[in-house]
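Report on one structure; see the data block that follows.
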Amino acid sequence: VQLQACGGGLVQAGGSLRLSCTASGDRFRITLMGWYRQAPGKERELVATFAIGGTINYADSVKGRFTISRDNAKSTTYLQMNSLKPEDTAVYYCVADNRIARRYWGQGTLVTVSS
């Protein structure tokens, strides 16, 4: 599985961005897609995931501001990020799990929120 993410950029605090990630390759075995992020000097952390059964999981820090969605026909996941804060600045990584729980990572896309 290969993951191609895009949509990062520079935005002012309070603004919005939408990230997208498209899977290719053995995409029919994907059971979960989602997003992690890593801020400078910090560990990588979960942002949101969307499992094939419909279960959605958000980090507490983004609940109410970020929305994850999936287009299964296009093997694409989206992350709508609203009310962005400077602390949301990070490299955002797309992830996908297959049926044997192997996790694939995308290349990362940088989101910078200015104050």
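Each chain in the structure tokens gets a letter, A, B and so on, in the order shown; residues start at 1 in every chain, and ligands are counted from 1 in the order they appear.
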For Val111 (chain A), find every residue with an atom within 6 Å (counting only C-alpha atoms), except residues of its own chain fewer than 6 positions away, and show them as a PDB file with N, CA and C atoms, in the first residue's frame.
ATOM      1  N   GLY A   8      -1.329  20.223   3.095  1.00  0.00           N
ATOM      2  CA  GLY A   8      -0.712  21.022   4.143  1.00  0.00           C
ATOM      3  C   GLY A   8      -0.376  22.417   3.656  1.00  0.00           C
ATOM      4  N   GLY A   9       0.043  23.263   4.580  1.00  0.00           N
ATOM      5  CA  GLY A   9       0.409  24.618   4.208  1.00  0.00           C
ATOM      6  C   GLY A   9       0.458  25.526   5.404  1.00  0.00           C
ATOM      7  N   THR A  89       0.538  23.048  14.789  1.00  0.00           N
ATOM      8  CA  THR A  89       1.666  23.015  13.864  1.00  0.00           C
ATOM      9  C   THR A  89       2.426  21.710  14.015  1.00  0.00           C
ATOM     10  N   ALA A  90       2.560  20.989  12.915  1.00  0.00           N
ATOM     11  CA  ALA A  90       3.209  19.676  12.947  1.00  0.00           C
ATOM     12  C   ALA A  90       3.300  19.133  11.525  1.00  0.00           C
TER      13      ALA A  90
END
*Hey, what's within 9 Å of Val1 (chain A) if we count only C-alpha atoms and toss same-chain stuff fewer than 5 positions away? As a list in words, please?*
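That gives Ala23, Ser24, Gly25, Asp26, Arg27, Ile30, Ala96, Asn98 and Tyr104 of chain A.
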*Would you mind writing down, as number ranges by chain, each residue of region 1-110 of chain A that DSSP on the backbone assigns to strand (DSSP E or B)?*
A: 2-6, 9-12, 17-24, 30-38, 45-51, 56-58, 66-71, 76-81, 90-98, 103-105, 109-110
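Reported to one decimal place, the separation of CA of Gly53 (chain A) from CA of Thr31 (chain A) is 8.1 Å.
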